[in-house]
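Enquirer: Structure: run13.pdb, PDB, C-alpha atoms.
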```
ATOM      1  CA  MET A  24      94.109 198.758  60.066
ATOM      2  CA  LYS A  25      97.100 197.658  62.113
ATOM      3  CA  ILE A  26      99.505 200.553  62.645
ATOM      4  CA  ALA A  27     102.912 200.473  64.334
ATOM      5  CA  ILE A  28     104.547 203.574  65.799
ATOM      6  CA  LEU A  29     108.316 203.342  66.139
ATOM      7  CA  SER A  30     109.022 205.342  69.283
ATOM      8  CA  ARG A  31     111.351 204.891  72.253
ATOM      9  CA  ASN A  32     108.915 206.467  74.715
ATOM     10  CA  THR A  33     105.185 205.774  74.899
ATOM     11  CA  ASN A  34     104.711 208.821  77.138
ATOM     12  CA  LEU A  35     105.901 211.400  74.624
ATOM     13  CA  TYR A  36     103.152 213.826  73.599
ATOM     14  CA  SER A  37     103.513 213.082  69.878
ATOM     15  CA  THR A  38     103.415 209.317  70.403
ATOM     16  CA  LYS A  39     100.369 209.478  72.684
ATOM     17  CA  ARG A  40      98.490 211.761  70.276
ATOM     18  CA  LEU A  41      99.116 209.460  67.326
ATOM     19  CA  VAL A  42      97.920 206.466  69.361
ATOM     20  CA  GLU A  43      94.776 208.357  70.417
ATOM     21  CA  ALA A  44      94.057 209.534  66.879
ATOM     22  CA  GLY A  45      94.487 206.055  65.421
ATOM     23  CA  GLN A  46      92.361 204.347  68.052
ATOM     24  CA  ALA A  47      89.636 207.017  67.743
ATOM     25  CA  ARG A  48      89.273 206.009  64.093
ATOM     26  CA  GLY A  49      89.012 202.324  64.929
ATOM     27  CA  HIS A  50      92.563 201.227  64.174
ATOM     28  CA  GLU A  51      94.785 198.904  66.196
ATOM     29  CA  VAL A  52      97.896 200.873  67.167
ATOM     30  CA  ASP A  53     101.060 199.426  68.741
ATOM     31  CA  VAL A  54     104.036 201.417  70.035
ATOM     32  CA  ILE A  55     107.334 199.638  69.387
ATOM     33  CA  ASP A  56     110.706 200.629  70.825
ATOM     34  CA  THR A  57     112.931 201.011  67.767
ATOM     35  CA  LEU A  58     116.153 199.897  69.444
ATOM     36  CA  HIS A  59     114.558 196.709  70.782
ATOM     37  CA  CYS A  60     113.619 195.545  67.289
ATOM     38  CA  TYR A  61     115.923 193.064  65.626
ATOM     39  CA  MET A  62     115.821 191.619  62.160
ATOM     40  CA  ASP A  63     115.901 188.300  60.358
ATOM     41  CA  ILE A  64     117.376 189.190  56.996
ATOM     42  CA  THR A  65     116.511 186.130  54.935
ATOM     43  CA  SER A  66     115.857 185.975  51.213
ATOM     44  CA  ASN A  67     112.141 186.461  50.454
ATOM     45  CA  LYS A  68     111.233 186.208  54.159
ATOM     46  CA  PRO A  69     112.101 189.516  55.863
ATOM     47  CA  VAL A  70     111.014 189.573  59.504
ATOM     48  CA  VAL A  71     111.165 192.126  62.312
ATOM     49  CA  ARG A  72     111.395 190.484  65.741
ATOM     50  CA  TYR A  73     110.539 192.105  69.070
ATOM     51  CA  LYS A  74     110.764 190.715  72.598
ATOM     52  CA  GLY A  75     111.507 187.226  71.353
ATOM     53  CA  GLN A  76     108.648 187.041  68.851
ATOM     54  CA  PRO A  77     108.170 187.999  65.191
ATOM     55  CA  LEU A  78     106.039 191.109  64.869
ATOM     56  CA  PRO A  79     102.661 190.680  63.150
ATOM     57  CA  LYS A  80     101.998 192.079  59.711
ATOM     58  CA  TYR A  81     101.277 195.816  59.910
ATOM     59  CA  ASP A  82      99.479 197.888  57.314
ATOM     60  CA  ALA A  83     101.514 200.995  58.137
ATOM     61  CA  VAL A  84     104.404 202.157  60.280
ATOM     62  CA  ILE A  85     104.946 205.690  61.619
ATOM     63  CA  PRO A  86     108.674 206.288  62.256
ATOM     64  CA  ARG A  87     109.352 208.564  65.247
ATOM     65  CA  ILE A  88     113.111 208.152  65.176
ATOM     66  CA  GLY A  89     115.412 210.397  67.194
ATOM     67  CA  ALA A  90     118.515 211.848  65.539
ATOM     68  CA  SER A  91     120.823 209.848  67.813
ATOM     69  CA  VAL A  92     119.492 206.509  66.506
ATOM     70  CA  THR A  93     119.104 207.404  62.818
ATOM     71  CA  PHE A  94     121.329 204.613  61.479
ATOM     72  CA  TYR A  95     119.652 201.769  63.348
ATOM     73  CA  GLY A  96     116.212 203.347  63.140
ATOM     74  CA  THR A  97     116.266 203.649  59.357
ATOM     75  CA  ALA A  98     117.464 200.032  59.117
ATOM     76  CA  VAL A  99     114.360 198.967  61.067
ATOM     77  CA  VAL A 100     112.103 201.091  58.848
ATOM     78  CA  ARG A 101     113.738 199.578  55.763
ATOM     79  CA  GLN A 102     113.036 196.071  57.078
ATOM     80  CA  PHE A 103     109.347 196.961  57.445
ATOM     81  CA  GLU A 104     109.383 198.324  53.884
ATOM     82  CA  VAL A 105     110.976 195.138  52.521
ATOM     83  CA  ALA A 106     108.206 193.168  54.224
ATOM     84  CA  GLY A 107     105.608 195.275  52.399
ATOM     85  CA  THR A 108     104.509 197.592  55.229
ATOM     86  CA  PHE A 109     103.686 201.164  54.176
ATOM     87  CA  SER A 110     105.940 203.682  55.920
ATOM     88  CA  VAL A 111     104.664 207.221  56.436
ATOM     89  CA  ASN A 112     108.213 208.424  55.769
ATOM     90  CA  GLU A 113     110.410 206.001  53.922
ATOM     91  CA  SER A 114     113.886 205.124  55.137
ATOM     92  CA  VAL A 115     115.877 206.817  52.366
ATOM     93  CA  ALA A 116     113.994 210.098  52.864
ATOM     94  CA  ILE A 117     114.660 210.029  56.617
ATOM     95  CA  SER A 118     118.389 209.455  56.016
ATOM     96  CA  ARG A 119     118.429 212.200  53.397
ATOM     97  CA  SER A 120     116.854 214.761  55.729
ATOM     98  CA  ARG A 121     119.029 213.847  58.726
ATOM     99  CA  ASP A 122     122.205 214.754  56.867
ATOM    100  CA  LYS A 123     122.139 218.560  57.091
ATOM    101  CA  LEU A 124     124.798 219.065  54.429
ATOM    102  CA  ARG A 125     123.175 216.631  52.003
ATOM    103  CA  SER A 126     119.794 218.289  52.596
ATOM    104  CA  LEU A 127     121.123 221.749  51.803
ATOM    105  CA  GLN A 128     122.885 220.526  48.679
ATOM    106  CA  LEU A 129     119.705 218.857  47.391
ATOM    107  CA  LEU A 130     117.538 221.881  48.199
ATOM    108  CA  SER A 131     120.078 224.145  46.517
ATOM    109  CA  ARG A 132     119.994 222.030  43.350
ATOM    110  CA  LYS A 133     116.221 222.511  43.143
ATOM    111  CA  GLY A 134     116.421 226.275  43.689
ATOM    112  CA  VAL A 135     114.823 226.307  47.155
ATOM    113  CA  GLY A 136     115.643 229.491  49.114
ATOM    114  CA  LEU A 137     118.514 228.954  51.555
ATOM    115  CA  PRO A 138     120.794 231.040  53.771
ATOM    116  CA  LYS A 139     124.307 231.460  52.370
ATOM    117  CA  THR A 140     126.203 228.439  53.692
ATOM    118  CA  GLY A 141     129.829 227.361  53.778
ATOM    119  CA  PHE A 142     131.250 223.938  54.574
ATOM    120  CA  ALA A 143     134.870 222.943  54.915
ATOM    121  CA  HIS A 144     136.973 220.358  56.702
ATOM    122  CA  HIS A 145     140.200 222.315  56.984
ATOM    123  CA  PRO A 146     140.066 225.573  54.988
ATOM    124  CA  ASP A 147     143.348 227.277  54.090
ATOM    125  CA  SER A 148     141.608 230.547  54.870
ATOM    126  CA  ILE A 149     138.940 230.654  57.583
ATOM    127  CA  SER A 150     138.556 234.353  56.803
ATOM    128  CA  ASP A 151     137.592 233.488  53.209
ATOM    129  CA  LEU A 152     135.039 230.940  54.480
ATOM    130  CA  ILE A 153     133.449 233.588  56.699
ATOM    131  CA  GLN A 154     133.442 236.238  53.978
ATOM    132  CA  GLY A 155     131.886 233.751  51.578
ATOM    133  CA  VAL A 156     128.647 233.793  53.605
ATOM    134  CA  GLY A 157     128.604 237.576  53.926
ATOM    135  CA  GLY A 158     130.940 238.140  56.863
ATOM    136  CA  ALA A 159     130.253 238.391  60.597
ATOM    137  CA  PRO A 160     127.973 237.898  62.358
ATOM    138  CA  VAL A 161     127.698 234.264  61.304
ATOM    139  CA  VAL A 162     125.963 231.175  62.656
ATOM    140  CA  ILE A 163     128.167 228.113  63.179
ATOM    141  CA  LYS A 164     126.436 224.725  63.393
ATOM    142  CA  LEU A 165     127.519 221.212  64.221
ATOM    143  CA  LEU A 166     126.239 218.894  61.497
ATOM    144  CA  GLU A 167     125.036 216.418  64.122
ATOM    145  CA  GLY A 168     123.333 218.971  66.409
ATOM    146  CA  THR A 169     119.597 218.889  67.252
ATOM    147  CA  GLN A 170     117.096 221.125  69.062
ATOM    148  CA  GLY A 171     119.464 224.091  68.888
ATOM    149  CA  ILE A 172     122.351 222.220  70.528
ATOM    150  CA  GLY A 173     125.661 222.856  68.750
ATOM    151  CA  VAL A 174     124.501 226.145  67.197
ATOM    152  CA  VAL A 175     126.595 229.229  67.972
ATOM    153  CA  LEU A 176     126.246 232.870  66.912
ATOM    154  CA  ALA A 177     129.605 234.593  66.385
ATOM    155  CA  ASP A 178     129.277 238.384  66.361
ATOM    156  CA  THR A 179     132.739 239.159  64.986
ATOM    157  CA  GLU A 180     135.165 237.549  62.559
ATOM    158  CA  LYS A 181     137.660 237.068  65.383
ATOM    159  CA  ALA A 182     135.082 235.212  67.488
ATOM    160  CA  ALA A 183     133.987 233.143  64.485
ATOM    161  CA  THR A 184     137.585 232.195  63.704
ATOM    162  CA  SER A 185     138.178 231.057  67.285
ATOM    163  CA  ILE A 186     135.004 228.942  67.337
ATOM    164  CA  ILE A 187     135.733 227.355  63.948
ATOM    165  CA  GLU A 188     139.300 226.540  65.009
ATOM    166  CA  ALA A 189     138.007 224.974  68.233
ATOM    167  CA  PHE A 190     135.490 222.773  66.387
ATOM    168  CA  MET A 191     138.136 221.757  63.873
ATOM    169  CA  GLY A 192     140.449 220.813  66.712
ATOM    170  CA  LEU A 193     137.754 218.364  67.819
ATOM    171  CA  GLN A 194     137.457 216.981  64.268
ATOM    172  CA  ALA A 195     133.827 218.145  64.170
ATOM    173  CA  ASN A 196     131.942 218.737  60.927
ATOM    174  CA  ILE A 197     130.458 222.230  60.844
ATOM    175  CA  LEU A 198     128.415 224.534  58.675
ATOM    176  CA  VAL A 199     128.942 228.306  58.608
ATOM    177  CA  GLN A 200     125.813 230.278  57.664
ATOM    178  CA  GLU A 201     124.861 233.900  57.251
ATOM    179  CA  PHE A 202     122.935 235.408  60.138
ATOM    180  CA  ILE A 203     119.467 236.535  58.983
ATOM    181  CA  LYS A 204     119.199 239.601  61.205
ATOM    182  CA  GLU A 205     115.842 240.728  59.818
ATOM    183  CA  ALA A 206     114.203 237.507  61.094
ATOM    184  CA  GLY A 207     114.383 239.056  64.563
ATOM    185  CA  GLY A 208     115.092 235.785  66.367
ATOM    186  CA  ALA A 209     111.949 234.156  64.963
ATOM    187  CA  ASP A 210     111.374 231.269  62.593
ATOM    188  CA  ILE A 211     108.319 229.566  61.142
ATOM    189  CA  ARG A 212     107.603 225.857  61.527
ATOM    190  CA  CYS A 213     105.403 224.541  58.722
ATOM    191  CA  LEU A 214     103.898 221.091  59.244
ATOM    192  CA  VAL A 215     103.531 219.329  55.892
ATOM    193  CA  VAL A 216     101.338 216.246  55.508
ATOM    194  CA  GLY A 217     100.815 214.648  52.111
ATOM    195  CA  GLY A 218     102.120 217.622  50.145
ATOM    196  CA  LYS A 219     100.046 220.222  51.992
ATOM    197  CA  VAL A 220     100.891 222.643  54.789
ATOM    198  CA  VAL A 221      98.301 221.649  57.403
ATOM    199  CA  ALA A 222      99.533 223.899  60.248
ATOM    200  CA  ALA A 223     102.104 226.629  60.818
ATOM    201  CA  MET A 224     103.431 228.458  63.859
ATOM    202  CA  LYS A 225     105.863 231.279  64.492
ATOM    203  CA  ARG A 226     108.518 230.505  67.107
ATOM    204  CA  GLN A 227     110.102 233.475  68.838
ATOM    205  CA  ALA A 228     113.419 233.245  70.674
ATOM    206  CA  GLY A 229     113.528 234.277  74.325
ATOM    207  CA  GLU A 230     115.245 237.398  75.633
ATOM    208  CA  GLY A 231     118.969 237.381  74.855
ATOM    209  CA  GLU A 232     118.674 234.238  72.708
ATOM    210  CA  PHE A 233     118.786 233.880  68.912
ATOM    211  CA  ARG A 234     117.658 230.222  68.738
ATOM    212  CA  SER A 235     113.886 229.968  68.539
ATOM    213  CA  ASN A 236     113.607 226.262  69.459
ATOM    214  CA  LEU A 237     110.872 225.626  72.028
ATOM    215  CA  HIS A 238     113.388 223.400  73.865
ATOM    216  CA  ARG A 239     115.512 226.533  74.335
ATOM    217  CA  GLY A 240     112.705 228.607  75.880
ATOM    218  CA  GLY A 241     111.158 229.985  72.706
ATOM    219  CA  THR A 242     107.442 230.764  72.458
ATOM    220  CA  ALA A 243     105.011 229.762  69.730
ATOM    221  CA  GLU A 244     101.950 231.355  68.156
ATOM    222  CA  LEU A 245      99.705 230.867  65.150
ATOM    223  CA  VAL A 246     101.025 232.516  61.982
ATOM    224  CA  ARG A 247      99.562 233.297  58.593
ATOM    225  CA  LEU A 248     101.779 232.135  55.735
ATOM    226  CA  SER A 249     102.365 233.974  52.498
ATOM    227  CA  LYS A 250     101.833 232.127  49.220
ATOM    228  CA  ASP A 251     105.615 232.016  48.720
ATOM    229  CA  GLU A 252     106.241 230.601  52.212
ATOM    230  CA  ARG A 253     103.657 227.886  51.713
ATOM    231  CA  ALA A 254     105.108 226.946  48.321
ATOM    232  CA  THR A 255     108.655 226.870  49.721
ATOM    233  CA  ALA A 256     107.664 224.487  52.534
ATOM    234  CA  ILE A 257     105.835 222.151  50.156
ATOM    235  CA  ASN A 258     108.726 222.167  47.701
ATOM    236  CA  ALA A 259     111.271 221.442  50.447
ATOM    237  CA  ALA A 260     109.247 218.439  51.641
ATOM    238  CA  LYS A 261     108.986 217.199  48.051
ATOM    239  CA  VAL A 262     112.737 217.512  47.441
ATOM    240  CA  MET A 263     113.407 215.502  50.604
ATOM    241  CA  GLY A 264     110.781 212.918  49.627
ATOM    242  CA  LEU A 265     108.987 213.242  52.976
ATOM    243  CA  ASN A 266     105.234 212.766  53.360
ATOM    244  CA  VAL A 267     105.137 214.128  56.913
ATOM    245  CA  CYS A 268     107.695 216.677  58.072
ATOM    246  CA  GLY A 269     108.356 219.994  59.711
ATOM    247  CA  VAL A 270     109.949 222.653  57.500
ATOM    248  CA  ASP A 271     111.654 225.505  59.357
ATOM    249  CA  LEU A 272     111.747 228.832  57.511
ATOM    250  CA  LEU A 273     113.203 232.251  58.190
ATOM    251  CA  ARG A 274     111.730 235.442  56.761
ATOM    252  CA  SER A 275     114.608 237.180  54.985
ATOM    253  CA  ASN A 276     114.740 240.309  52.834
ATOM    254  CA  ARG A 277     114.965 238.083  49.754
ATOM    255  CA  GLY A 278     112.029 235.860  50.713
ATOM    256  CA  PRO A 279     111.677 232.667  52.786
ATOM    257  CA  VAL A 280     114.816 230.594  53.364
ATOM    258  CA  VAL A 281     114.798 227.007  54.627
ATOM    259  CA  MET A 282     116.830 226.244  57.737
ATOM    260  CA  GLU A 283     115.934 222.584  58.204
ATOM    261  CA  VAL A 284     113.527 219.828  57.189
ATOM    262  CA  ASN A 285     112.623 217.586  60.143
ATOM    263  CA  SER A 286     111.398 214.059  59.397
ATOM    264  CA  SER A 287     110.047 213.467  62.938
ATOM    265  CA  PRO A 288     108.500 216.802  63.913
ATOM    266  CA  GLY A 289     107.072 217.157  67.404
ATOM    267  CA  LEU A 290     103.318 217.703  67.530
ATOM    268  CA  GLU A 291     102.896 219.326  70.936
ATOM    269  CA  GLY A 292     104.022 222.855  70.119
ATOM    270  CA  ILE A 293     102.218 223.147  66.817
ATOM    271  CA  GLU A 294      98.957 221.532  67.967
ATOM    272  CA  LYS A 295      98.778 223.820  70.999
ATOM    273  CA  ALA A 296      99.749 226.944  69.046
ATOM    274  CA  THR A 297      97.338 226.355  66.161
ATOM    275  CA  GLY A 298      94.529 224.278  67.687
ATOM    276  CA  LYS A 299      94.873 221.862  64.748
ATOM    277  CA  ASP A 300      94.497 218.101  65.200
ATOM    278  CA  VAL A 301      97.652 217.233  63.271
ATOM    279  CA  ALA A 302      97.779 213.659  64.630
ATOM    280  CA  SER A 303      94.420 212.855  63.013
ATOM    281  CA  MET A 304      95.668 214.347  59.739
ATOM    282  CA  VAL A 305      98.573 211.889  59.784
ATOM    283  CA  ILE A 306      96.170 208.986  60.369
ATOM    284  CA  ASP A 307      93.958 210.282  57.555
ATOM    285  CA  PHE A 308      96.983 210.302  55.246
ATOM    286  CA  ILE A 309      97.688 206.672  56.163
ATOM    287  CA  GLU A 310      94.083 205.648  55.491
ATOM    288  CA  LYS A 311      94.243 207.143  51.998
ATOM    289  CA  ASN A 312      97.699 205.915  51.020
ATOM    290  CA  ALA A 313      98.651 202.742  52.907
ATOM    291  CA  LYS A 314      98.876 199.840  50.511
ATOM    292  CA  PRO A 315     101.207 196.829  50.559
ATOM    293  CA  TYR A 316     104.614 197.593  49.009
ATOM    294  CA  ALA A 317     103.464 201.146  48.258
ATOM    295  CA  THR A 318     106.521 202.781  49.836
ATOM    296  CA  ARG A 319     108.882 203.951  47.134
ATOM    297  CA  THR A 320     111.871 206.244  47.043
ATOM    298  CA  LYS A 321     110.802 209.833  46.418
ATOM    299  CA  GLY A 322     113.091 212.788  45.849
ATOM    300  CA  GLN A 323     116.565 212.433  44.389
ATOM    301  CA  GLY A 324     120.042 212.287  45.834
TER     302      GLY A 324
END
```
Reformat the file's structure so that it appears as structure tokens.

Expert:
Amino acid sequence: MKIAILSRNTNLYSTKRLVEAGQARGHEVDVIDTLHCYMDITSNKPVVRYKGQPLPKYDAVIPRIGASVTFYGTAVVRQFEVAGTFSVNESVAISRSRDKLRSLQLLSRKGVGLPKTGFAHHPDSISDLIQGVGGAPVVIKLLEGTQGIGVVLADTEKAATSIIEAFMGLQANILVQEFIKEAGGADIRCLVVGGKVVAAMKRQAGEGEFRSNLHRGGTAELVRLSKDERATAINAAKVMGLNVCGVDLLRSNRGPVVMEVNSSPGLEGIEKATGKDVASMVIDFIEKNAKPYATRTKGQG
């Protein structure tokens, strides 16, 4: 098979592992810089061009699109889809998952466990917004933040009010969420491939930190999932319509709650923590499912 990986950096661990896994199984794998693709949008003849030439016909494309280039990246994925190339994650599902507010609303509609969350542009009562999620402490998040950037823990209502007012002064879109104290600064990353949890790790925040992201100094270790946690991760991926994703859970007193569904999960942390060859599992999924024009919109909303 001919497989394209949309990635801006060939040296990234995840990109290199996917190339290695594909080549080890006899496939031809090309890494293509998403932002250097450009498109001929012509009726019945959709083409993706790259470095002055039309790209060859690929059997499958693996989108590894960073949050900062979501709009252009999903347009490129959509052009591949129109041309009949199978996309591991289809463009609509990527867009759906990248919008944190939209994701939470869709998960809520399907009854997936979530932290209490408030969203407002300019509330008449910030105090009411804070009390609506259970009162301080609360977690305040920028909608566009990634890797723990733009996430603030406010210990008191006064602190939360000041932070919310500051973000609003910058015209920023924010979410206000309850702080799950019993999680103890840890979350669980579940890696879902083809409707199955193939690997899971527990990420623990560093000393004096509540964000467990590995980019913020967190540590990772193998974790055993409960039946409910596994089902929640699978259901969240299904609601988003994603074939390959990372689902981040917190262990709360009322069961697992979903913090985020990531359409381009990094492989380094979870492969090293679990010893699982996740990259080969992604290639295996492609081998079983890649057919011309087989990409279709999954999930709703």

Enquirer: For atom CA of Thr65 of chain A and atom CA of Leu265 of chain A, determine how far apart the two atoms are, in Å to one decimal place.

Expert: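 Distance reported for this atom pair: 28.2 Å.
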
Enquirer: Going by the chain IDs and residue numbers used in this file, which residues fall under the PyMOL selection byres ((chain A and resi 154-159) around 12)? Write them as a ChimeraX atom specification.

Expert: /A:137-143,148-153,160-163,176-184,198-204

Enquirer: Considering all atoms listed in the file, return as a list in words whatever protein or nucleic-acid residues lie within 8 Å of Pro288 of chain A, sequence-local ones (same chain, fewer than 6 positions apart) excluded.

Expert: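 My reading of the contact set: Leu214, Cys268 and Gly269 of chain A.
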
Enquirer: Using only C-alpha atoms, which of A:Lys133, A:Arg87, A:Lys250, A:His145 sits nearest Val111 of chain A?

Expert: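 Smallest distance to Val111 of chain A is found for A:Arg87.
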
Enquirer: Find the distance between atom CA of Asp300 of chain A and atom CA of Ser110 of chain A and write it in Å to one decimal.

Expert: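 Taking atom CA of Asp300 of chain A and atom CA of Ser110 of chain A, their separation equals 20.6 Å.
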
Enquirer: Measuring atom to atom with all atoms listed in the file, identify which of A:Ser275, A:Lys219, A:Leu78, A:Pro146 is nearest to Ile187 of chain A.

Expert: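 Nearest to Ile187 of chain A: A:Pro146.
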
Enquirer: Quick one: residues within 8 Å of (115.1, 204.1, 72.4) (file frame), counting only C-alpha atoms, please, as a PyMOL selection string.

Expert: chain A and resi 30-32+56-59+92

Enquirer: So which residues get picked by the PyMOL selection byres ((chain A and resi 244-249) around 12) here, written as a VMD selection string?

Expert: chain A and resid 209 to 214 220 to 228 237 241 to 243 250 to 256 272 to 274 278 to 279 292 to 299

Enquirer: For the file shown, report as a list in words the outcome of the PyMOL selection byres ((chain A and resi 317) around 12) at residue level.

Expert: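 Checked against the file, the PyMOL selection byres ((chain A and resi 317) around 12) matches Asp82, Ala83, Phe103, Glu104, Val105, Ala106, Gly107, Thr108, Phe109, Ser110, Val111, Asn112, Glu113, Ile309, Lys311, Asn312, Ala313, Lys314, Pro315, Tyr316, Thr318, Arg319, Thr320 and Lys321 of chain A.
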
Enquirer: Could you tell me which of A:Tyr95, A:Tyr81, A:Tyr73, A:Phe308 comes closest to Val267 of chain A if we count all atoms listed in the file?

Expert: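 Of A:Tyr95, A:Tyr81, A:Tyr73, A:Phe308, the one nearest Val267 of chain A, counting all atoms listed in the file, is A:Phe308.
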
Enquirer: Smallest atom-to-atom distance to Ala260 of chain A: which of A:Ser303, A:Ser126, A:Ser66, A:Asn196, using all atoms listed in the file?

Expert: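 Result for the nearest residue to Ala260 of chain A: A:Ser126.
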
Enquirer: Just how far from atom CA of Val305 of chain A is atom CA of Ser91 of chain A, in Å to one decimal?

Expert: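 Result for atom CA of Ser91 of chain A versus atom CA of Val305 of chain A: 23.7 Å, one decimal.
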
Enquirer: Which residue gives the smallest distance to Ile306 of chain A among A:Val215, A:Val100, A:Leu35, A:Leu41, with all atoms listed in the file counted?

Expert: A:Leu41

Enquirer: Taking all atoms of segment 222-226 of chain A that the file lists and extending 3 Å past them on each side, where is the centre of the axis-aligned box and how long are its edges? Answer in Å to one decimal, as AutoDock Vina command-line options.

Expert:
```
--center_x 104.0 --center_y 227.6 --center_z 63.7 --size_x 15.0 --size_y 13.4 --size_z 12.9
```

Enquirer: So, with all atoms listed in the file as the atoms that count, which of A:Gln46, A:Ser114, A:Asn285, A:Gln76 lies closest to Phe94 of chain A?

Expert: A:Ser114
